[in-house]
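Student: You'll find target_31.txt just under this line, and it carries compact mmCIF, C-alpha atoms and all ligand atoms.
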```txt
# COMPACT_ATOMS: atom_id res chain seq x y z
CA MET A 1 -21.22 -64.30 -68.90
CA HIS A 2 -22.83 -63.02 -65.71
CA ARG A 3 -26.26 -62.39 -67.16
CA ARG A 4 -29.34 -64.13 -65.67
CA SER A 5 -27.89 -67.30 -64.20
CA PRO A 6 -29.91 -70.35 -65.37
CA GLY A 7 -29.03 -71.98 -62.05
CA ARG A 8 -30.95 -69.33 -60.18
CA ALA A 9 -34.02 -68.97 -62.34
CA GLY A 10 -33.90 -71.81 -64.85
CA GLY A 11 -36.62 -74.15 -66.12
CA ALA A 12 -40.39 -73.63 -66.10
CA LEU A 13 -40.34 -71.94 -62.71
CA GLY A 14 -37.69 -69.49 -63.89
CA ARG A 15 -39.66 -68.77 -67.07
CA GLY A 16 -42.77 -68.09 -65.01
CA VAL A 17 -40.92 -65.75 -62.69
CA ARG A 18 -39.36 -63.93 -65.65
CA ALA A 19 -42.72 -63.64 -67.45
CA ARG A 20 -44.40 -62.18 -64.35
CA ARG A 21 -41.48 -59.79 -63.87
CA ALA A 22 -41.60 -58.66 -67.49
CA ALA A 23 -45.39 -58.17 -67.31
CA ARG A 24 -45.04 -56.14 -64.11
CA LEU A 25 -42.31 -54.02 -65.69
CA LEU A 26 -44.37 -53.41 -68.82
CA GLY A 27 -47.39 -52.59 -66.66
CA HIS A 28 -45.38 -50.07 -64.66
CA ARG A 29 -43.97 -48.50 -67.81
CA ALA A 30 -47.39 -48.37 -69.49
CA ALA A 31 -48.85 -46.69 -66.40
CA GLY A 32 -46.00 -44.19 -66.34
CA LEU A 33 -44.84 -45.51 -62.96
CA PRO A 34 -41.16 -45.35 -62.06
CA VAL A 35 -39.16 -48.57 -62.40
CA VAL A 36 -36.53 -49.20 -59.74
CA ALA A 37 -33.23 -50.13 -61.41
CA GLY A 38 -31.48 -51.10 -58.18
CA THR A 39 -29.65 -49.68 -55.20
CA VAL A 40 -26.25 -48.28 -54.36
CA LEU A 41 -25.01 -48.28 -50.79
CA PHE A 42 -22.44 -45.99 -49.20
CA LYS A 43 -21.95 -46.70 -45.51
CA PRO A 44 -19.39 -47.48 -42.82
CA LEU A 45 -18.07 -51.04 -42.89
CA PRO A 46 -19.20 -53.02 -39.81
CA ASN A 47 -16.63 -53.69 -37.08
CA GLY A 48 -14.22 -51.27 -38.73
CA VAL A 49 -12.47 -48.09 -37.72
CA GLY A 50 -14.51 -45.78 -39.93
CA GLU A 51 -13.76 -47.30 -43.34
CA VAL A 52 -16.50 -46.52 -45.83
CA GLU A 53 -17.96 -49.11 -48.20
CA VAL A 54 -19.60 -48.64 -51.57
CA GLY A 55 -21.82 -51.40 -53.00
CA TRP A 56 -24.34 -52.03 -55.77
CA HIS A 57 -27.30 -54.30 -56.47
CA LEU A 58 -29.28 -54.00 -59.69
CA HIS A 59 -32.46 -55.68 -60.82
CA PRO A 60 -31.41 -58.09 -63.61
CA ASP A 61 -33.47 -56.09 -66.11
CA SER A 62 -31.04 -53.23 -65.52
CA TRP A 63 -27.79 -55.13 -66.01
CA GLY A 64 -25.56 -54.25 -68.93
CA HIS A 65 -26.22 -50.51 -69.16
CA GLY A 66 -23.48 -49.09 -66.95
CA TYR A 67 -25.93 -48.02 -64.22
CA ALA A 68 -24.00 -49.57 -61.30
CA THR A 69 -20.73 -47.97 -62.33
CA GLU A 70 -22.33 -44.58 -62.97
CA ALA A 71 -24.28 -44.58 -59.70
CA ALA A 72 -21.29 -45.79 -57.66
CA ARG A 73 -19.06 -43.17 -59.23
CA ALA A 74 -21.56 -40.46 -58.27
CA VAL A 75 -21.77 -41.47 -54.60
CA ILE A 76 -17.99 -41.94 -54.37
CA ASP A 77 -17.39 -38.46 -55.82
CA ARG A 78 -19.89 -37.03 -53.38
CA GLY A 79 -18.11 -38.81 -50.52
CA PHE A 80 -14.72 -37.52 -51.63
CA ASP A 81 -16.16 -34.00 -51.89
CA ALA A 82 -17.40 -34.39 -48.30
CA GLY A 83 -13.89 -35.37 -47.11
CA VAL A 84 -14.01 -39.18 -47.10
CA PRO A 85 -10.35 -40.11 -47.72
CA GLU A 86 -10.86 -43.57 -49.25
CA VAL A 87 -13.65 -45.93 -50.23
CA TYR A 88 -13.73 -49.76 -50.10
CA ALA A 89 -15.72 -52.35 -52.00
CA VAL A 90 -15.99 -55.94 -50.77
CA VAL A 91 -16.94 -58.68 -53.22
CA ARG A 92 -17.63 -62.38 -52.84
CA PRO A 93 -14.91 -64.38 -54.60
CA GLY A 94 -16.11 -65.27 -58.09
CA ASN A 95 -18.52 -62.36 -58.49
CA GLN A 96 -16.93 -61.27 -61.75
CA ALA A 97 -19.67 -58.76 -62.60
CA SER A 98 -18.95 -56.90 -59.37
CA VAL A 99 -15.18 -57.17 -59.84
CA ALA A 100 -15.71 -55.59 -63.28
CA VAL A 101 -17.57 -52.68 -61.68
CA CYS A 102 -14.60 -52.18 -59.31
CA ALA A 103 -12.24 -52.22 -62.30
CA ARG A 104 -14.34 -49.66 -64.18
CA LEU A 105 -14.19 -47.46 -61.08
CA ASP A 106 -10.35 -47.79 -61.07
CA MET A 107 -10.46 -49.41 -57.63
CA GLU A 108 -7.30 -51.23 -56.57
CA HIS A 109 -7.52 -54.87 -55.48
CA ILE A 110 -5.79 -55.03 -52.08
CA GLY A 111 -6.43 -58.65 -51.14
CA ARG A 112 -8.94 -61.05 -49.64
CA PHE A 113 -9.97 -60.22 -46.07
CA ARG A 114 -12.38 -61.34 -43.36
CA ARG A 115 -11.88 -58.04 -41.54
CA TRP A 116 -15.41 -56.60 -41.61
CA TYR A 117 -17.83 -59.41 -42.41
CA ASP A 118 -17.67 -62.98 -41.16
CA VAL A 119 -16.65 -64.24 -44.59
CA GLU A 120 -13.60 -63.83 -46.83
CA LEU A 121 -14.18 -61.09 -49.38
CA GLU A 122 -12.11 -59.70 -52.23
CA THR A 123 -11.37 -56.14 -51.19
CA PHE A 124 -10.93 -53.10 -53.43
CA ARG A 125 -9.99 -49.56 -52.49
CA LEU A 126 -10.12 -46.15 -54.13
CA THR A 127 -8.29 -43.20 -52.60
CA ALA A 128 -9.56 -39.65 -52.94
CA PRO A 129 -7.64 -37.56 -55.46
CA VAL A 130 -5.21 -35.05 -54.03
CA VAL A 131 -6.65 -31.57 -54.33
CA VAL A 132 -4.14 -28.79 -54.80
CA GLU A 133 -5.54 -25.54 -53.40
C1 LIG B 201 -22.87 -56.44 -59.88
C2 LIG B 201 -23.88 -55.81 -60.84
C3 LIG B 201 -24.47 -54.55 -60.24
C4 LIG B 201 -23.16 -55.48 -62.14
O1 LIG B 201 -24.10 -55.07 -63.11
P1 LIG B 201 -23.58 -54.63 -64.57
O2 LIG B 201 -24.76 -54.28 -65.36
O3 LIG B 201 -22.66 -55.68 -65.11
O4 LIG B 201 -22.67 -53.36 -64.27
P2 LIG B 201 -22.87 -51.87 -64.80
O5 LIG B 201 -24.23 -51.38 -64.44
O6 LIG B 201 -21.70 -51.09 -64.37
O7 LIG B 201 -22.89 -52.07 -66.39
C5 LIG B 201 -21.70 -52.41 -67.08
C6 LIG B 201 -22.08 -53.15 -68.34
O8 LIG B 201 -22.93 -52.30 -69.12
C7 LIG B 201 -22.32 -52.11 -70.43
N1 LIG B 201 -22.77 -50.79 -70.90
C8 LIG B 201 -23.75 -50.62 -71.82
N2 LIG B 201 -23.96 -49.31 -72.01
C9 LIG B 201 -23.10 -48.65 -71.20
C10 LIG B 201 -22.85 -47.27 -70.98
N3 LIG B 201 -23.53 -46.32 -71.61
N4 LIG B 201 -21.91 -46.93 -70.06
C11 LIG B 201 -21.22 -47.88 -69.41
N5 LIG B 201 -21.41 -49.22 -69.60
C12 LIG B 201 -22.36 -49.59 -70.49
C13 LIG B 201 -20.85 -52.31 -70.19
O9 LIG B 201 -20.17 -52.65 -71.37
C14 LIG B 201 -20.89 -53.48 -69.22
O10 LIG B 201 -21.24 -54.65 -69.89
P3 LIG B 201 -20.22 -55.92 -69.94
O11 LIG B 201 -20.04 -56.39 -68.52
O12 LIG B 201 -20.93 -56.89 -70.80
O13 LIG B 201 -18.94 -55.39 -70.51
C15 LIG B 201 -25.04 -56.82 -61.14
O14 LIG B 201 -24.47 -57.97 -61.72
C16 LIG B 201 -25.82 -57.22 -59.90
O15 LIG B 201 -26.65 -56.45 -59.40
N6 LIG B 201 -25.56 -58.42 -59.38
C17 LIG B 201 -26.29 -58.94 -58.25
C18 LIG B 201 -25.94 -58.19 -56.97
C19 LIG B 201 -24.47 -58.24 -56.66
O16 LIG B 201 -23.80 -59.24 -56.88
N7 LIG B 201 -24.00 -57.13 -56.10
C20 LIG B 201 -22.63 -56.99 -55.71
C21 LIG B 201 -22.43 -57.41 -54.30
S1 LIG B 201 -20.72 -57.14 -53.88
```
Could you write out this file's structure as C-alpha cells?
Tutor:
Amino acid sequence: MHRRSPGRAGGALGRGVRARRAARLLGHRAAGLPVVAGTVLFKPLPNGVGEVEVGWHLHPDSWGHGYATEAARAVIDRGFDAGVPEVYAVVRPGNQASVAVCARLDMEHIGRFRRWYDVELETFRLTAPVVVE
C-alpha cells in the first residue's frame, strides 16, 4: 500500500539507488556499525501558542515494523510525564501511512487546518490522561 512508491524510485535509476542503499546497509551491519532507522520529532508547532507537535520519518528499510508508533508513543509519554497537556500531529492529506500511525496512537482527528504551516494539514490530537493523585 504505502511501501516504496515506484513513482519516487522506480525504473533503472530506482533500482540503482536501492541496490546502493542495500549494499551500504549490509556494509554497516557487517562492520557492526549502527543503522539509523529514522527520526521522531517532538517540538512546538510554529506560529502557535505553545502547542506541541509529534512527527516521524523512517528510512524505507525500517517501514513495517512498528518503529514509528513505538518511538512516538515513547516521546509522547515522556511529554505527558513532563506536564505537556496535549500533543498534535499534522499530516499531509493522503499520507495514509502517517494517518495509520496517528490511529495506532489513538490520536483524534480534529480537522484540516492551515494554522501552523502554510499548507492545509490533517490534524490529530492526543490529550494527556487524567492522573488521580
Ligand atoms: C509514516 C511512516 C513513519 C510510517 O511507517 P510505518 O512503518 O508504516 O509505521 P510503523 O513504524 O508504526 O509500523 C507499523 C507497521 O508495522 C507493522 N508491524 C510489524 N511488526 C510490528 C510490531 N511488532 N509492532 C507494531 N507494528 C508492527 C504494522 O502492522 C504496520 O504495518 P501495516 O501498515 O502494513 O499494517 C513512514 O511511512 C515514513 O517514514 N514515511 C515517510 C515520511 C513521512 O511521511 N512522515 C510523516 C510526515 S507527517
Student: Counting all atoms listed in the file, give me one row per residue of chain A with an atom at most 10 Å from an atom of ligand LIG 201 (chain B), showing the shortest contact pair and its distance in Å to one decimal, sorted by chain then residue number, as CSV.
Tutor:
```
residue,atom,partner,partner_atom,distance
A:Met1,CA,B:LIG201,O12,7.7
A:His2,CA,B:LIG201,O14,6.6
A:Arg3,CA,B:LIG201,O14,7.2
A:Arg4,CA,B:LIG201,O14,8.8
A:Ala37,CA,B:LIG201,O15,9.3
A:Gly38,CA,B:LIG201,O15,7.3
A:Thr39,CA,B:LIG201,O15,8.5
A:Val40,CA,B:LIG201,C3,8.8
A:Val54,CA,B:LIG201,S1,8.9
A:Gly55,CA,B:LIG201,S1,5.9
A:Trp56,CA,B:LIG201,N7,5.1
A:His57,CA,B:LIG201,O15,3.7
A:Leu58,CA,B:LIG201,O15,3.6
A:His59,CA,B:LIG201,O15,6.0
A:Pro60,CA,B:LIG201,O15,6.6
A:Asp61,CA,B:LIG201,O2,8.9
A:Ser62,CA,B:LIG201,O2,6.4
A:Trp63,CA,B:LIG201,O2,3.2
A:Gly64,CA,B:LIG201,O8,3.3
A:His65,CA,B:LIG201,C8,3.6
A:Gly66,CA,B:LIG201,O7,3.1
A:Tyr67,CA,B:LIG201,O5,3.8
A:Ala68,CA,B:LIG201,O5,3.6
A:Thr69,CA,B:LIG201,O6,3.9
A:Glu70,CA,B:LIG201,O6,6.7
A:Ala71,CA,B:LIG201,O5,8.3
A:Ala72,CA,B:LIG201,O6,8.6
A:Arg73,CA,B:LIG201,O6,9.8
A:Ala89,CA,B:LIG201,S1,7.2
A:Val90,CA,B:LIG201,S1,5.8
A:Val91,CA,B:LIG201,S1,4.1
A:Arg92,CA,B:LIG201,S1,6.2
A:Pro93,CA,B:LIG201,S1,9.3
A:Gly94,CA,B:LIG201,O16,9.8
A:Asn95,CA,B:LIG201,O16,6.3
A:Gln96,CA,B:LIG201,C1,7.9
A:Ala97,CA,B:LIG201,C1,4.8
A:Ser98,CA,B:LIG201,C1,4.0
A:Val99,CA,B:LIG201,C1,7.7
A:Ala100,CA,B:LIG201,O11,6.8
A:Val101,CA,B:LIG201,O6,5.2
A:Cys102,CA,B:LIG201,O6,8.8
A:Ala103,CA,B:LIG201,O6,9.7
A:Arg104,CA,B:LIG201,O6,7.5
A:Leu105,CA,B:LIG201,O6,9.0
A:Leu121,CA,B:LIG201,S1,8.9
A:Glu122,CA,B:LIG201,S1,9.1
A:Thr123,CA,B:LIG201,S1,9.8
```
Student: One decimal, Å: what's the distance from CA of Glu133 (chain A) over to CA of Val84 (chain A), could you say?
Tutor: 17.2 Å
Student: So the first atom is CA of Leu41 (chain A) and the second is CA of Pro85 (chain A); what is the distance between them in Å, to one decimal place?
Tutor: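 Computing the Euclidean distance for CA of Leu41 (chain A) and CA of Pro85 (chain A) yields 17.1 Å.
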Student: Have a look at A:Asp106, A:Phe42, A:Arg112, A:Gly32 and name the one nearest to Ile76 (chain A); count all atoms listed in the file.
Tutor: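 Checking each of A:Asp106, A:Phe42, A:Arg112, A:Gly32 against Ile76 (chain A), counting all atoms listed in the file, the winner is A:Phe42.
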Student: Which residues come within 7 Å of Glu53 (chain A), counting only C-alpha atoms, excluding same-chain residues fewer than 6 positions away, as a ChimeraX atom specification?
Tutor: /A:42-45,87-89
Student: Suppose you want the space between CA of Thr127 (chain A) and CA of Pro46 (chain A); what is it in Å?
Tutor: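 Atom-to-atom, CA of Thr127 (chain A) to CA of Pro46 (chain A), that is 19.5 Å.
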Student: Considering only C-alpha atoms, can you say which of A:Ala128, A:Val52, A:Ala30, A:Val36 comes closest to Phe80 (chain A)?
Tutor: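 So, comparing all the options, the nearest one is A:Ala128.
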Student: Please determine an axis-aligned box that encloses all atoms of region 92-110 of chain A listed in the file, with 8 Å added on each side, and express its centre and edge lengths in Å to one decimal as AutoDock Vina command-line options.
Tutor:
```
--center_x -12.7 --center_y -56.4 --center_z -58.1 --size_x 29.9 --size_y 33.8 --size_z 28.1
```
Student: Need a file for region 1-131 of chain A from that block: C-alpha atoms, written as a PDB file, in the first residue's frame.
Tutor:
```
ATOM      1  CA  MET A   1       0.000   0.000   0.000  1.00  0.00           C
ATOM      2  CA  HIS A   2       2.365   2.729   1.180  1.00  0.00           C
ATOM      3  CA  ARG A   3       5.562   0.765   0.750  1.00  0.00           C
ATOM      4  CA  ARG A   4       8.350   2.071  -1.532  1.00  0.00           C
ATOM      5  CA  SER A   5       6.466   4.168  -4.059  1.00  0.00           C
ATOM      6  CA  PRO A   6       7.501   3.203  -7.625  1.00  0.00           C
ATOM      7  CA  GLY A   7       6.822   6.814  -8.609  1.00  0.00           C
ATOM      8  CA  ARG A   8       9.581   8.001  -6.334  1.00  0.00           C
ATOM      9  CA  ALA A   9      12.257   5.424  -7.009  1.00  0.00           C
ATOM     10  CA  GLY A  10      11.069   3.402  -9.983  1.00  0.00           C
ATOM     11  CA  GLY A  11      12.922   2.139 -13.057  1.00  0.00           C
ATOM     12  CA  ALA A  12      16.650   1.583 -13.509  1.00  0.00           C
ATOM     13  CA  LEU A  13      17.558   4.666 -11.502  1.00  0.00           C
ATOM     14  CA  GLY A  14      15.395   3.496  -8.602  1.00  0.00           C
ATOM     15  CA  ARG A  15      16.929   0.013  -8.763  1.00  0.00           C
ATOM     16  CA  GLY A  16      20.410   1.526  -8.672  1.00  0.00           C
ATOM     17  CA  VAL A  17      19.562   3.694  -5.692  1.00  0.00           C
ATOM     18  CA  ARG A  18      18.007   0.735  -3.877  1.00  0.00           C
ATOM     19  CA  ALA A  19      20.998  -1.513  -4.649  1.00  0.00           C
ATOM     20  CA  ARG A  20      23.457   1.087  -3.328  1.00  0.00           C
ATOM     21  CA  ARG A  21      21.295   1.599  -0.239  1.00  0.00           C
ATOM     22  CA  ALA A  22      21.082  -2.141   0.423  1.00  0.00           C
ATOM     23  CA  ALA A  23      24.856  -2.534  -0.043  1.00  0.00           C
ATOM     24  CA  ARG A  24      25.523   0.352   2.343  1.00  0.00           C
ATOM     25  CA  LEU A  25      23.143  -1.143   4.895  1.00  0.00           C
ATOM     26  CA  LEU A  26      24.742  -4.577   4.624  1.00  0.00           C
ATOM     27  CA  GLY A  27      28.181  -2.982   4.881  1.00  0.00           C
ATOM     28  CA  HIS A  28      27.173  -1.119   8.032  1.00  0.00           C
ATOM     29  CA  ARG A  29      25.676  -4.253   9.552  1.00  0.00           C
ATOM     30  CA  ALA A  30      28.706  -6.374   8.628  1.00  0.00           C
ATOM     31  CA  ALA A  31      31.007  -3.782  10.208  1.00  0.00           C
ATOM     32  CA  GLY A  32      28.871  -3.710  13.342  1.00  0.00           C
ATOM     33  CA  LEU A  33      28.006  -0.054  12.736  1.00  0.00           C
ATOM     34  CA  PRO A  34      24.667   1.299  13.923  1.00  0.00           C
ATOM     35  CA  VAL A  35      21.941   1.701  11.299  1.00  0.00           C
ATOM     36  CA  VAL A  36      19.701   4.746  11.643  1.00  0.00           C
ATOM     37  CA  ALA A  37      16.049   3.683  11.409  1.00  0.00           C
ATOM     38  CA  GLY A  38      14.683   7.225  11.268  1.00  0.00           C
ATOM     39  CA  THR A  39      13.750  10.180  13.427  1.00  0.00           C
ATOM     40  CA  VAL A  40      10.948  11.243  15.718  1.00  0.00           C
ATOM     41  CA  LEU A  41      10.351  14.907  16.429  1.00  0.00           C
ATOM     42  CA  PHE A  42       8.687  16.469  19.453  1.00  0.00           C
ATOM     43  CA  LYS A  43       8.652  20.257  19.293  1.00  0.00           C
ATOM     44  CA  PRO A  44       6.456  23.347  19.488  1.00  0.00           C
ATOM     45  CA  LEU A  45       4.348  23.977  16.396  1.00  0.00           C
ATOM     46  CA  PRO A  46       5.479  27.136  14.539  1.00  0.00           C
ATOM     47  CA  ASN A  47       3.306  30.253  14.846  1.00  0.00           C
ATOM     48  CA  GLY A  48       1.293  28.595  17.602  1.00  0.00           C
ATOM     49  CA  VAL A  49       0.524  29.350  21.213  1.00  0.00           C
ATOM     50  CA  GLY A  50       2.652  26.577  22.673  1.00  0.00           C
ATOM     51  CA  GLU A  51       1.023  23.560  21.036  1.00  0.00           C
ATOM     52  CA  VAL A  52       3.426  20.639  20.818  1.00  0.00           C
ATOM     53  CA  GLU A  53       3.827  18.506  17.698  1.00  0.00           C
ATOM     54  CA  VAL A  54       4.956  14.909  17.365  1.00  0.00           C
ATOM     55  CA  GLY A  55       6.197  13.624  13.995  1.00  0.00           C
ATOM     56  CA  TRP A  56       8.019  10.669  12.444  1.00  0.00           C
ATOM     57  CA  HIS A  57      10.205   9.921   9.433  1.00  0.00           C
ATOM     58  CA  LEU A  58      11.640   6.457   8.871  1.00  0.00           C
ATOM     59  CA  HIS A  59      14.113   5.175   6.334  1.00  0.00           C
ATOM     60  CA  PRO A  60      12.083   2.928   3.973  1.00  0.00           C
ATOM     61  CA  ASP A  61      14.121  -0.088   5.097  1.00  0.00           C
ATOM     62  CA  SER A  62      12.551   0.397   8.534  1.00  0.00           C
ATOM     63  CA  TRP A  63       8.911   0.627   7.469  1.00  0.00           C
ATOM     64  CA  GLY A  64       6.504  -2.076   8.562  1.00  0.00           C
ATOM     65  CA  HIS A  65       7.971  -2.938  11.964  1.00  0.00           C
ATOM     66  CA  GLY A  66       6.037  -0.616  14.267  1.00  0.00           C
ATOM     67  CA  TYR A  67       9.085   1.581  14.974  1.00  0.00           C
ATOM     68  CA  ALA A  68       7.357   4.929  14.286  1.00  0.00           C
ATOM     69  CA  THR A  69       4.425   4.113  16.541  1.00  0.00           C
ATOM     70  CA  GLU A  70       6.642   2.781  19.323  1.00  0.00           C
ATOM     71  CA  ALA A  71       9.051   5.731  19.190  1.00  0.00           C
ATOM     72  CA  ALA A  72       6.243   8.300  19.011  1.00  0.00           C
ATOM     73  CA  ARG A  73       4.455   6.675  21.924  1.00  0.00           C
ATOM     74  CA  ALA A  74       7.642   6.882  23.994  1.00  0.00           C
ATOM     75  CA  VAL A  75       8.211  10.603  23.374  1.00  0.00           C
ATOM     76  CA  ILE A  76       4.514  11.395  23.901  1.00  0.00           C
ATOM     77  CA  ASP A  77       4.516   9.551  27.240  1.00  0.00           C
ATOM     78  CA  ARG A  78       7.644  11.397  28.256  1.00  0.00           C
ATOM     79  CA  GLY A  79       5.999  14.702  27.306  1.00  0.00           C
ATOM     80  CA  PHE A  80       2.865  13.871  29.279  1.00  0.00           C
ATOM     81  CA  ASP A  81       5.023  12.907  32.273  1.00  0.00           C
ATOM     82  CA  ALA A  82       6.712  16.323  31.977  1.00  0.00           C
ATOM     83  CA  GLY A  83       3.316  18.099  32.052  1.00  0.00           C
ATOM     84  CA  VAL A  84       2.540  18.647  28.360  1.00  0.00           C
ATOM     85  CA  PRO A  85      -1.286  18.658  28.323  1.00  0.00           C
ATOM     86  CA  GLU A  86      -1.854  17.601  24.705  1.00  0.00           C
ATOM     87  CA  VAL A  87       0.106  16.621  21.618  1.00  0.00           C
ATOM     88  CA  TYR A  88      -0.693  17.290  17.937  1.00  0.00           C
ATOM     89  CA  ALA A  89       0.300  15.543  14.732  1.00  0.00           C
ATOM     90  CA  VAL A  90      -0.085  17.240  11.349  1.00  0.00           C
ATOM     91  CA  VAL A  91      -0.211  15.113   8.208  1.00  0.00           C
ATOM     92  CA  ARG A  92      -0.350  15.945   4.517  1.00  0.00           C
ATOM     93  CA  PRO A  93      -3.712  14.864   3.091  1.00  0.00           C
ATOM     94  CA  GLY A  94      -3.346  11.425   1.544  1.00  0.00           C
ATOM     95  CA  ASN A  95      -0.421  10.286   3.687  1.00  0.00           C
ATOM     96  CA  GLN A  96      -2.228   7.132   4.788  1.00  0.00           C
ATOM     97  CA  ALA A  97       0.850   5.577   6.410  1.00  0.00           C
ATOM     98  CA  SER A  98       1.115   8.565   8.730  1.00  0.00           C
ATOM     99  CA  VAL A  99      -2.631   8.641   9.377  1.00  0.00           C
ATOM    100  CA  ALA A 100      -2.324   4.969  10.383  1.00  0.00           C
ATOM    101  CA  VAL A 101       0.403   5.863  12.890  1.00  0.00           C
ATOM    102  CA  CYS A 102      -1.938   8.508  14.379  1.00  0.00           C
ATOM    103  CA  ALA A 103      -4.703   5.895  14.613  1.00  0.00           C
ATOM    104  CA  ARG A 104      -2.396   3.400  16.335  1.00  0.00           C
ATOM    105  CA  LEU A 105      -1.521   6.136  18.829  1.00  0.00           C
ATOM    106  CA  ASP A 106      -5.271   6.695  19.478  1.00  0.00           C
ATOM    107  CA  MET A 107      -4.978  10.294  18.271  1.00  0.00           C
ATOM    108  CA  GLU A 108      -8.263  12.019  17.440  1.00  0.00           C
ATOM    109  CA  HIS A 109      -8.724  13.590  14.003  1.00  0.00           C
ATOM    110  CA  ILE A 110      -9.859  17.173  14.665  1.00  0.00           C
ATOM    111  CA  GLY A 111      -9.934  18.546  11.124  1.00  0.00           C
ATOM    112  CA  ARG A 112      -7.847  20.035   8.349  1.00  0.00           C
ATOM    113  CA  PHE A 113      -6.074  23.279   9.274  1.00  0.00           C
ATOM    114  CA  ARG A 114      -3.587  25.781   7.880  1.00  0.00           C
ATOM    115  CA  ARG A 115      -2.997  27.143  11.377  1.00  0.00           C
ATOM    116  CA  TRP A 116       0.711  26.401  11.865  1.00  0.00           C
ATOM    117  CA  TYR A 117       2.247  25.703   8.467  1.00  0.00           C
ATOM    118  CA  ASP A 118       1.461  27.480   5.207  1.00  0.00           C
ATOM    119  CA  VAL A 119      -0.372  24.433   3.879  1.00  0.00           C
ATOM    120  CA  GLU A 120      -3.562  22.577   4.803  1.00  0.00           C
ATOM    121  CA  LEU A 121      -2.786  19.599   7.010  1.00  0.00           C
ATOM    122  CA  GLU A 122      -4.914  16.881   8.558  1.00  0.00           C
ATOM    123  CA  THR A 123      -4.624  17.468  12.280  1.00  0.00           C
ATOM    124  CA  PHE A 124      -4.699  14.894  15.064  1.00  0.00           C
ATOM    125  CA  ARG A 125      -4.621  15.419  18.814  1.00  0.00           C
ATOM    126  CA  LEU A 126      -3.976  13.291  21.873  1.00  0.00           C
ATOM    127  CA  THR A 127      -4.781  14.601  25.342  1.00  0.00           C
ATOM    128  CA  ALA A 128      -2.792  13.583  28.395  1.00  0.00           C
ATOM    129  CA  PRO A 129      -4.560  11.061  30.615  1.00  0.00           C
ATOM    130  CA  VAL A 130      -6.071  12.416  33.796  1.00  0.00           C
ATOM    131  CA  VAL A 131      -3.920  11.415  36.746  1.00  0.00           C
TER     132      VAL A 131
END
```
